[in-house]
Amino acid sequence: MFGAVRFAKVAGRKLSGLFKGKADKKVLEKEVEDMGLGGQGVDIHVDDDGKVTVKGDGVSQEMKEKIILAVGNVEGVAEVEDQIASSDDVPASAFHEVVSGDTLWAISKTYLGKGNRYMEIFEANKPMLSHPDKIYVGQMLRIPGAKTSGTANA
């Protein structure tokens, strides 16, 4: 299990209905489902302070990480507590918080050793990313197969 992953609460997708009473959970569940990540037996719980807990099992490591990022990269979410048991033995990916000046090329060079491997990061973050040039400050990205997981800004 990951434990808690912190997110930039003021960055991320702006979804209507977030953090206004009981609609919170349903809005985040819809976001996960709209990205094609739903129906995986994962339960989402939202606290009043913007902390989200995701629970479940029988989900691949890749799907688990994508669900965490889909929920965490929403404006108003400060932290995601991971309580999902993955169904495979794939190592966890590194997470990287995008900072000013970052490009997928530069992130790829840092984590994967070569900038021209940036499409691996792009593919690993679909459907959250729609284009390799459309990343934003505060966004959390997954970097599978990273050579240095200790450099993540998470």
# chains A, B, ... in the order shown; residues from 1 in each chain; ligands from 1
$ residues_around --residues "A:Phe7" --least-positions-apart "4" --cutoff "10 Å" --atoms "only C-alpha atoms" --output "PDB file with N, CA and C atoms, in the first residue's frame"
ATOM      1  N   ALA A  11      -4.603  23.174  -7.284  1.00  0.00           N
ATOM      2  CA  ALA A  11      -4.404  22.851  -8.699  1.00  0.00           C
ATOM      3  C   ALA A  11      -5.291  21.676  -9.076  1.00  0.00           C
ATOM      4  N   GLY A  12      -5.477  21.486 -10.350  1.00  0.00           N
ATOM      5  CA  GLY A  12      -6.213  20.315 -10.810  1.00  0.00           C
ATOM      6  C   GLY A  12      -7.469  20.661 -11.570  1.00  0.00           C
ATOM      7  N   LYS A  51      -9.435  15.494   2.253  1.00  0.00           N
ATOM      8  CA  LYS A  51      -8.714  14.225   2.198  1.00  0.00           C
ATOM      9  C   LYS A  51      -9.646  13.153   1.647  1.00  0.00           C
ATOM     10  N   LEU A  69      -4.446   9.055  -8.974  1.00  0.00           N
ATOM     11  CA  LEU A  69      -4.146  10.305  -9.674  1.00  0.00           C
ATOM     12  C   LEU A  69      -5.391  10.976 -10.229  1.00  0.00           C
ATOM     13  N   VAL A  71      -8.327  10.969  -8.940  1.00  0.00           N
ATOM     14  CA  VAL A  71      -9.006  11.596  -7.799  1.00  0.00           C
ATOM     15  C   VAL A  71      -8.167  12.740  -7.237  1.00  0.00           C
ATOM     16  N   GLY A  72      -6.872  12.536  -7.123  1.00  0.00           N
ATOM     17  CA  GLY A  72      -6.000  13.534  -6.504  1.00  0.00           C
ATOM     18  C   GLY A  72      -5.770  14.770  -7.345  1.00  0.00           C
ATOM     19  N   ASN A  73      -5.763  14.625  -8.651  1.00  0.00           N
ATOM     20  CA  ASN A  73      -5.525  15.768  -9.539  1.00  0.00           C
ATOM     21  C   ASN A  73      -6.819  16.520  -9.832  1.00  0.00           C
ATOM     22  N   VAL A  74      -7.622  16.699  -8.795  1.00  0.00           N
ATOM     23  CA  VAL A  74      -8.858  17.471  -8.857  1.00  0.00           C
ATOM     24  C   VAL A  74      -8.720  18.621  -7.863  1.00  0.00           C
ATOM     25  N   GLU A  75      -9.064  19.819  -8.311  1.00  0.00           N
ATOM     26  CA  GLU A  75      -8.975  20.978  -7.426  1.00  0.00           C
ATOM     27  C   GLU A  75      -9.786  20.733  -6.163  1.00  0.00           C
ATOM     28  N   GLY A  76      -9.188  20.985  -5.008  1.00  0.00           N
ATOM     29  CA  GLY A  76      -9.859  20.802  -3.726  1.00  0.00           C
ATOM     30  C   GLY A  76      -9.429  19.541  -3.004  1.00  0.00           C
ATOM     31  N   VAL A  77      -8.755  18.630  -3.692  1.00  0.00           N
ATOM     32  CA  VAL A  77      -8.262  17.406  -3.060  1.00  0.00           C
ATOM     33  C   VAL A  77      -6.830  17.657  -2.606  1.00  0.00           C
ATOM     34  N   ALA A  78      -6.590  17.523  -1.308  1.00  0.00           N
ATOM     35  CA  ALA A  78      -5.275  17.785  -0.741  1.00  0.00           C
ATOM     36  C   ALA A  78      -4.458  16.518  -0.547  1.00  0.00           C
ATOM     37  N   GLU A  79      -5.144  15.402  -0.383  1.00  0.00           N
ATOM     38  CA  GLU A  79      -4.442  14.164  -0.058  1.00  0.00           C
ATOM     39  C   GLU A  79      -5.324  12.982  -0.420  1.00  0.00           C
ATOM     40  N   VAL A  80      -4.695  11.898  -0.875  1.00  0.00           N
ATOM     41  CA  VAL A  80      -5.417  10.664  -1.148  1.00  0.00           C
ATOM     42  C   VAL A  80      -4.767   9.569  -0.309  1.00  0.00           C
ATOM     43  N   GLU A  97       5.474  15.559  -8.936  1.00  0.00           N
ATOM     44  CA  GLU A  97       4.624  16.745  -8.987  1.00  0.00           C
ATOM     45  C   GLU A  97       5.257  17.741  -9.956  1.00  0.00           C
ATOM     46  N   GLY A 138       1.645  21.628 -10.367  1.00  0.00           N
ATOM     47  CA  GLY A 138       0.864  21.026  -9.290  1.00  0.00           C
ATOM     48  C   GLY A 138       0.299  19.665  -9.653  1.00  0.00           C
ATOM     49  N   GLN A 139       0.296  19.326 -10.929  1.00  0.00           N
ATOM     50  CA  GLN A 139      -0.231  18.027 -11.368  1.00  0.00           C
ATOM     51  C   GLN A 139       0.726  16.917 -10.932  1.00  0.00           C
ATOM     52  N   MET A 140       0.165  15.818 -10.474  1.00  0.00           N
ATOM     53  CA  MET A 140       0.953  14.657 -10.104  1.00  0.00           C
ATOM     54  C   MET A 140       0.923  13.665 -11.264  1.00  0.00           C
ATOM     55  N   ASN A 153       8.445  14.295  -6.148  1.00  0.00           N
ATOM     56  CA  ASN A 153       8.054  15.416  -5.300  1.00  0.00           C
ATOM     57  C   ASN A 153       6.829  15.112  -4.462  1.00  0.00           C
ATOM     58  N   ALA A 154       6.427  13.878  -4.381  1.00  0.00           N
ATOM     59  CA  ALA A 154       5.219  13.500  -3.641  1.00  0.00           C
ATOM     60  C   ALA A 154       5.474  13.501  -2.165  1.00  0.00           C
TER      61      ALA A 154
END
$ select_by_dssp --residues "stretch 3-101 of chain A" --states "strand (DSSP E or B)" --output "CSV table (one decimal) with C-alpha atoms, in the first residue's frame"
chain,number,residue,atom,x,y,z
A,3,GLY,CA,-0.2,5.3,2.4
A,4,ALA,CA,-1.0,8.9,1.8
A,5,VAL,CA,-0.1,10.9,-1.4
A,6,ARG,CA,-0.3,14.7,-1.1
A,13,ARG,CA,-9.4,19.8,-12.8
A,43,ASP,CA,-14.8,2.8,-2.8
A,44,ILE,CA,-14.1,6.5,-2.4
A,45,HIS,CA,-14.7,8.4,0.8
A,46,VAL,CA,-14.2,12.2,1.2
A,51,LYS,CA,-8.7,14.2,2.2
A,52,VAL,CA,-9.9,11.3,0.0
A,53,THR,CA,-9.6,7.7,1.0
A,54,VAL,CA,-9.8,5.0,-1.7
A,55,LYS,CA,-10.4,1.4,-0.7
A,56,GLY,CA,-10.7,-1.8,-2.6
A,57,ASP,CA,-8.9,-4.9,-3.9
A,58,GLY,CA,-8.6,-6.9,-7.1
A,59,VAL,CA,-7.2,-3.9,-9.0
A,74,VAL,CA,-8.9,17.5,-8.9
A,79,GLU,CA,-4.4,14.2,-0.1
A,80,VAL,CA,-5.4,10.7,-1.1
A,81,GLU,CA,-5.1,7.8,1.4
A,82,ASP,CA,-4.4,4.6,-0.5
A,83,GLN,CA,-6.1,1.6,0.9
A,84,ILE,CA,-6.3,-0.4,-2.3
A,85,ALA,CA,-4.7,-3.9,-2.4
A,86,SER,CA,-3.3,-4.4,-5.8
A,94,ALA,CA,7.3,6.9,-8.8
A,95,PHE,CA,5.1,10.0,-8.6
A,96,HIS,CA,6.3,13.4,-9.7
A,97,GLU,CA,4.6,16.7,-9.0
$ atom_distance --atom1 "atom CA of A:Leu15" --atom2 "atom CA of A:Glu31"
8.5 Å
$ atom_distance --atom1 "atom CA of A:Glu65" --atom2 "atom CA of A:Val98"
16.5 Å
$ closest_residue --among "A:Asp88, A:Ile143, A:Thr103, A:Asp133" --to "A:Glu120" --atoms "only C-alpha atoms"
A:Ile143
$ atom_distance --atom1 "atom CA of A:Lys134" --atom2 "atom CA of A:Lys25"
26.6 Å
$ closest_atom_pairs --of "stretch 80-154 of chain A" --to "stretch 60-63 of chain A" --cutoff "9 Å" --atoms "only C-alpha atoms" --output "Markdown table"
| residue | atom | partner | partner_atom | distance |
| --- | --- | --- | --- | --- |
| A:Ala85 | CA | A:Gln61 | CA | 8.4 |
| A:Ser86 | CA | A:Ser60 | CA | 5.1 |
| A:Ser87 | CA | A:Ser60 | CA | 5.1 |
| A:Asp88 | CA | A:Ser60 | CA | 5.7 |
| A:Asp89 | CA | A:Gln61 | CA | 7.7 |
| A:Val90 | CA | A:Gln61 | CA | 6.2 |
| A:Pro91 | CA | A:Gln61 | CA | 7.6 |
| A:Ala92 | CA | A:Gln61 | CA | 6.8 |
| A:Ser93 | CA | A:Glu62 | CA | 8.3 |
| A:Ala124 | CA | A:Glu62 | CA | 8.3 |
| A:Pro144 | CA | A:Glu62 | CA | 8.6 |
$ write_last_selection --atoms "C-alpha atoms" --output "PDB file, in the first residue's frame"
ATOM      1  CA  ALA A  85      -4.710  -3.870  -2.379  1.00  0.00           C
ATOM      2  CA  SER A  86      -3.290  -4.431  -5.850  1.00  0.00           C
ATOM      3  CA  SER A  87      -3.892  -7.764  -7.558  1.00  0.00           C
ATOM      4  CA  ASP A  88      -0.437  -8.098  -9.107  1.00  0.00           C
ATOM      5  CA  ASP A  89       3.207  -7.945  -8.047  1.00  0.00           C
ATOM      6  CA  VAL A  90       4.155  -5.000 -10.259  1.00  0.00           C
ATOM      7  CA  PRO A  91       6.393  -2.494  -8.441  1.00  0.00           C
ATOM      8  CA  ALA A  92       4.853   0.850  -7.548  1.00  0.00           C
ATOM      9  CA  SER A  93       5.585   3.760  -9.861  1.00  0.00           C
ATOM     10  CA  ALA A 124       1.372   5.837 -18.400  1.00  0.00           C
ATOM     11  CA  PRO A 144       6.555   3.575 -14.039  1.00  0.00           C
TER      12      PRO A 144
END
$ closest_residue --among "A:Met119, A:Val32, A:Gly41, A:Pro132" --to "A:Lys66" --atoms "only C-alpha atoms"
A:Val32
$ residues_around --residues "A:Ala70" --least-positions-apart "6" --cutoff "9 Å" --atoms "only C-alpha atoms" --output "list in words"
Leu28, Glu31, Val32, Met35, Leu37, Pro127 and Met128 of chain A
$ closest_residue --among "A:Val99, A:Ile67, A:Ala8, A:Ile107" --to "A:Lys126" --atoms "only C-alpha atoms"
A:Ile67
$ select_by_dssp --residues "stretch 3-152 of chain A" --states "alpha helix (DSSP H)" --output "MDAnalysis selection string"
chainID A and resid 23:34 61:72 104:112 118:124
